[in-house]
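Next comes input15.tsv, a file with TSV, C-alpha atoms.
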chain	number	residue	atom	x	y	z
A	22	MET	CA	76.30	118.20	78.85
A	23	LYS	CA	75.89	119.83	82.27
A	24	ILE	CA	78.33	120.42	85.09
A	25	LYS	CA	76.86	118.54	88.07
A	26	ALA	CA	79.82	118.57	90.45
A	27	LEU	CA	83.28	120.11	90.66
A	28	TYR	CA	86.59	118.97	92.04
A	29	SER	CA	89.25	121.64	92.13
A	30	HIS	CA	92.65	119.91	91.97
A	31	LEU	CA	95.20	122.05	93.82
A	32	ASN	CA	92.67	124.93	93.74
A	33	GLY	CA	92.95	125.10	89.95
A	34	ARG	CA	89.35	126.22	89.49
A	35	GLU	CA	89.77	129.07	91.94
A	36	HIS	CA	93.01	130.10	90.26
A	37	ILE	CA	91.34	130.21	86.85
A	38	HIS	CA	88.31	132.11	88.21
A	39	PHE	CA	90.52	134.75	89.79
A	40	HIS	CA	93.34	135.09	87.25
A	41	LYS	CA	91.72	134.08	83.93
A	42	PRO	CA	87.92	134.24	84.22
A	43	LYS	CA	87.41	134.16	80.43
A	44	LEU	CA	89.05	130.71	80.34
A	45	TRP	CA	86.44	129.42	82.79
A	46	ASP	CA	83.72	130.78	80.49
A	47	GLU	CA	85.29	128.85	77.60
A	48	ILE	CA	85.47	125.66	79.68
A	49	GLU	CA	81.79	125.96	80.57
A	50	ALA	CA	80.93	126.61	76.91
A	51	VAL	CA	82.82	123.47	75.86
A	52	VAL	CA	81.04	121.32	78.46
A	53	HIS	CA	77.63	122.65	77.42
A	54	ALA	CA	78.44	122.11	73.72
A	55	VAL	CA	79.27	118.40	74.12
A	56	ASP	CA	76.31	116.15	73.31
A	57	ALA	CA	76.83	113.36	75.82
A	58	ASN	CA	73.91	111.30	74.49
A	59	SER	CA	75.66	110.95	71.14
A	60	CYS	CA	78.50	109.27	73.06
A	61	ARG	CA	76.34	106.40	74.33
A	62	ALA	CA	78.03	103.73	72.29
A	63	LYS	CA	79.66	101.33	74.72
A	64	VAL	CA	77.88	98.02	75.28
A	65	SER	CA	78.38	96.80	78.84
A	66	ARG	CA	79.85	93.36	79.40
A	67	GLU	CA	79.56	93.58	83.18
A	68	LYS	CA	77.59	90.85	84.94
A	69	THR	CA	75.34	93.37	86.69
A	70	MET	CA	74.23	95.13	83.49
A	71	PRO	CA	74.97	93.06	80.39
A	72	GLY	CA	74.03	94.69	77.11
A	73	ARG	CA	73.30	98.10	78.68
A	74	ILE	CA	74.41	101.03	76.51
A	75	LEU	CA	76.89	103.22	78.41
A	76	PHE	CA	78.83	106.39	77.72
A	77	SER	CA	81.95	105.66	75.69
A	78	PRO	CA	84.97	107.35	77.31
A	79	ILE	CA	86.73	107.30	73.93
A	80	ASP	CA	83.82	109.06	72.21
A	81	LEU	CA	83.49	111.58	75.07
A	82	ASN	CA	87.20	112.40	74.82
A	83	LYS	CA	86.86	112.90	71.06
A	84	ALA	CA	83.85	115.20	71.54
A	85	PHE	CA	85.74	117.29	74.09
A	86	SER	CA	88.83	117.39	71.86
A	87	LEU	CA	86.74	118.63	68.93
A	88	GLN	CA	85.12	121.36	71.02
A	89	LEU	CA	88.41	122.45	72.57
A	90	GLY	CA	90.19	122.33	69.20
A	91	SER	CA	87.52	124.52	67.60
A	92	ARG	CA	88.46	127.13	70.24
A	93	ASN	CA	92.19	126.78	69.40
A	94	TRP	CA	93.05	124.88	72.59
A	95	THR	CA	95.97	122.47	72.21
A	96	GLU	CA	97.24	119.66	74.39
A	97	SER	CA	100.31	120.28	76.51
A	98	ARG	CA	101.92	117.74	78.81
A	99	THR	CA	104.69	118.01	81.32
A	100	SER	CA	106.32	114.88	82.69
A	101	TYR	CA	108.13	115.17	85.98
A	102	TRP	CA	109.19	113.18	89.00
A	103	VAL	CA	107.03	113.83	92.04
A	104	THR	CA	108.10	114.84	95.51
A	105	ASP	CA	106.41	116.69	98.34
A	106	ASP	CA	109.35	119.13	98.32
A	107	HIS	CA	107.74	121.94	96.30
A	108	PRO	CA	110.91	124.08	95.94
A	109	LEU	CA	112.71	120.98	94.60
A	110	ILE	CA	109.94	120.37	92.06
A	111	ARG	CA	110.22	123.97	90.87
A	112	ARG	CA	114.02	123.63	90.51
A	113	THR	CA	113.86	120.34	88.61
A	114	LEU	CA	110.64	120.69	86.59
A	115	LEU	CA	112.30	121.77	83.33
A	116	LEU	CA	115.19	119.32	83.56
A	117	ASP	CA	115.39	116.10	81.56
A	118	PRO	CA	113.50	113.31	83.41
A	119	SER	CA	116.71	111.33	84.00
A	120	GLU	CA	118.28	114.39	85.66
A	121	GLN	CA	115.11	114.94	87.72
A	122	LYS	CA	115.30	111.33	88.89
A	123	ARG	CA	118.94	111.83	89.90
A	124	GLN	CA	118.18	114.98	91.92
A	125	ILE	CA	114.98	113.83	93.64
A	126	PRO	CA	115.68	111.31	96.41
A	127	LEU	CA	113.69	108.08	96.30
A	128	VAL	CA	111.32	107.74	99.25
A	129	VAL	CA	109.61	104.42	99.86
A	130	VAL	CA	106.28	104.72	101.66
A	131	GLY	CA	105.14	101.76	103.71
A	132	ILE	CA	101.50	100.79	103.94
A	133	GLY	CA	99.98	99.44	107.09
A	134	PRO	CA	100.66	99.76	110.81

Before anything else, please render the file you have as structure tokens.
Amino acid sequence: MKIKALYSHLNGREHIHFHKPKLWDEIEAVVHAVDANSCRAKVSREKTMPGRILFSPIDLNKAFSLQLGSRNWTESRTSYWVTDDHPLIRRTLLLDPSEQKRQIPLVVVGIGP
């Protein structure tokens, strides 16, 4: 597989490049090691392309997991309540989700004029 485009969420790519460049090399190696064509297993049921063989997201995820696992990468998740108050996020991040919810005020955002 090739990297055709990049999106750097919260400047994560730049952070990795600057602080942990060897990790970026590993990420690139994983992407290049995944055989995307072997993941063409999903049969389209869309009206515009019935029967067309597409990339299977499930198979792609498995291929990436295998490549990352072979390099001793493990999954890590952090669940937290979101707010635009960054100091508040930092203070509440390691708290139990129910305590986070109690400390972060609910803000309802309206849509429209």

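Between atom CA of A:Asn58 and atom CA of A:Met22 there is a distance of 8.5 Å.
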
Got a sec: who's within 10 Å of A:Leu81, counting only C-alpha atoms, leaving out chain neighbours fewer than 5 positions off, as a PyMOL selection string? chain A and resi 55-62+76+86-87

Could you take the residues named above and write them with C-alpha atoms, as an mmCIF file, in the coordinates of the input?
data_model
loop_
_atom_site.group_PDB
_atom_site.id
_atom_site.type_symbol
_atom_site.label_atom_id
_atom_site.label_comp_id
_atom_site.auth_asym_id
_atom_site.auth_seq_id
_atom_site.Cartn_x
_atom_site.Cartn_y
_atom_site.Cartn_z
ATOM 1 C CA VAL A 55 79.270 118.400 74.120
ATOM 2 C CA ASP A 56 76.310 116.150 73.310
ATOM 3 C CA ALA A 57 76.830 113.360 75.820
ATOM 4 C CA ASN A 58 73.910 111.300 74.490
ATOM 5 C CA SER A 59 75.660 110.950 71.140
ATOM 6 C CA CYS A 60 78.500 109.270 73.060
ATOM 7 C CA ARG A 61 76.340 106.400 74.330
ATOM 8 C CA ALA A 62 78.030 103.730 72.290
ATOM 9 C CA PHE A 76 78.830 106.390 77.720
ATOM 10 C CA SER A 86 88.830 117.390 71.860
ATOM 11 C CA LEU A 87 86.740 118.630 68.930
#

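Reported to one decimal place, the separation of atom CA of A:His107 from atom CA of A:Leu31 is 12.8 Å.
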
A straight line from atom CA of A:Val51 to atom CA of A:His36 spans 18.8 Å

Give me the residues within 12 Å of A:Gly72 as number ranges by chain, counting only C-alpha atoms and dropping any in the same chain fewer than 5 places off. A: 62-67

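The smallest atom-to-atom distance between A:Trp45 and any of A:Arg123, A:Gly33, A:Glu96, A:Val103, using all atoms listed in the file, is found for A:Gly33.
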
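Residues in contact with A:Asp117 at 12 Å, where all atoms listed in the file are counted and same-chain residues fewer than 5 positions away are skipped, are listed as Thr99, Ser100, Tyr101, Trp102, Arg112, Lys122, Arg123 and Gln124 of chain A.
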
Enclosing box along x, y and z for every listed atom of stretch 92-99 of chain A, padded 6 Å each side, centre and size in Å, one decimal, as AutoDock Vina command-line options:
--center_x 96.6 --center_y 122.4 --center_z 75.4 --size_x 28.2 --size_y 21.4 --size_z 23.9

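Among A:Arg73, A:Arg92, A:Lys25, A:Lys68, the residue with the shortest atom-to-atom distance to A:Ile48, counting only C-alpha atoms, is A:Arg92.
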
Reconstruct stretch 87-120 of chain A at the level of N, CA and C atoms, and format the result as a short mmCIF file (atom, residue, chain, number, x, y, z; two decimals), in the frame of the given file.
data_model
loop_
_atom_site.label_atom_id
_atom_site.label_comp_id
_atom_site.auth_asym_id
_atom_site.auth_seq_id
_atom_site.Cartn_x
_atom_site.Cartn_y
_atom_site.Cartn_z
N LEU A 87 87.27 117.84 70.05
CA LEU A 87 86.74 118.63 68.93
C LEU A 87 86.30 120.02 69.39
N GLN A 88 85.58 120.07 70.51
CA GLN A 88 85.12 121.36 71.02
C GLN A 88 86.28 122.25 71.45
N LEU A 89 87.25 121.66 72.14
CA LEU A 89 88.41 122.45 72.57
C LEU A 89 89.24 122.89 71.37
N GLY A 90 89.43 122.00 70.40
CA GLY A 90 90.19 122.33 69.20
C GLY A 90 89.55 123.45 68.40
N SER A 91 88.22 123.46 68.34
CA SER A 91 87.52 124.52 67.60
C SER A 91 87.72 125.89 68.26
N ARG A 92 88.17 125.88 69.51
CA ARG A 92 88.46 127.13 70.24
C ARG A 92 89.97 127.36 70.34
N ASN A 93 90.73 126.64 69.49
CA ASN A 93 92.19 126.78 69.40
C ASN A 93 92.93 126.35 70.66
N TRP A 94 92.34 125.45 71.45
CA TRP A 94 93.05 124.88 72.59
C TRP A 94 93.91 123.74 72.05
N THR A 95 95.10 123.57 72.60
CA THR A 95 95.97 122.47 72.21
C THR A 95 96.42 121.72 73.46
N GLU A 96 96.79 120.48 73.26
CA GLU A 96 97.24 119.66 74.39
C GLU A 96 98.69 120.01 74.74
N SER A 97 98.96 120.04 76.02
CA SER A 97 100.31 120.28 76.51
C SER A 97 100.53 119.38 77.72
N ARG A 98 101.62 118.64 77.70
CA ARG A 98 101.92 117.74 78.81
C ARG A 98 103.30 118.03 79.36
N THR A 99 103.40 117.87 80.65
CA THR A 99 104.69 118.01 81.32
C THR A 99 104.91 116.76 82.16
N SER A 100 105.99 116.07 81.91
CA SER A 100 106.32 114.88 82.69
C SER A 100 107.37 115.27 83.72
N TYR A 101 107.14 114.87 84.95
CA TYR A 101 108.13 115.17 85.98
C TYR A 101 108.03 114.18 87.12
N TRP A 102 109.14 114.03 87.83
CA TRP A 102 109.19 113.18 89.00
C TRP A 102 108.55 113.92 90.15
N VAL A 103 107.82 113.21 90.98
CA VAL A 103 107.03 113.83 92.04
C VAL A 103 107.73 113.72 93.38
N THR A 104 107.63 114.81 94.14
CA THR A 104 108.10 114.84 95.51
C THR A 104 107.23 115.83 96.27
N ASP A 105 107.19 115.72 97.57
CA ASP A 105 106.41 116.69 98.34
C ASP A 105 107.24 117.94 98.65
N ASP A 106 108.46 117.98 98.15
CA ASP A 106 109.35 119.13 98.32
C ASP A 106 109.09 120.11 97.16
N HIS A 107 108.17 121.04 97.38
CA HIS A 107 107.74 121.94 96.30
C HIS A 107 108.88 122.79 95.72
N PRO A 108 109.79 123.34 96.54
CA PRO A 108 110.91 124.08 95.94
C PRO A 108 111.78 123.18 95.03
N LEU A 109 111.94 121.91 95.42
CA LEU A 109 112.71 120.98 94.60
C LEU A 109 112.01 120.71 93.28
N ILE A 110 110.69 120.56 93.31
CA ILE A 110 109.94 120.37 92.06
C ILE A 110 110.16 121.57 91.14
N ARG A 111 110.05 122.77 91.69
CA ARG A 111 110.22 123.97 90.87
C ARG A 111 111.64 124.04 90.26
N ARG A 112 112.64 123.60 91.01
CA ARG A 112 114.02 123.63 90.51
C ARG A 112 114.26 122.58 89.43
N THR A 113 113.58 121.46 89.52
CA THR A 113 113.86 120.34 88.61
C THR A 113 112.85 120.17 87.48
N LEU A 114 111.75 120.90 87.52
CA LEU A 114 110.64 120.69 86.59
C LEU A 114 111.06 120.72 85.12
N LEU A 115 111.93 121.63 84.75
CA LEU A 115 112.30 121.77 83.33
C LEU A 115 113.51 120.95 82.93
N LEU A 116 114.04 120.18 83.86
CA LEU A 116 115.19 119.32 83.56
C LEU A 116 114.73 118.05 82.84
N ASP A 117 115.65 117.40 82.18
CA ASP A 117 115.39 116.10 81.56
C ASP A 117 114.95 115.12 82.66
N PRO A 118 113.98 114.24 82.38
CA PRO A 118 113.50 113.31 83.41
C PRO A 118 114.60 112.51 84.10
N SER A 119 115.64 112.10 83.35
CA SER A 119 116.71 111.33 84.00
C SER A 119 117.47 112.19 85.02
N GLU A 120 117.62 113.48 84.72
CA GLU A 120 118.28 114.39 85.66
C GLU A 120 117.37 114.67 86.86
#
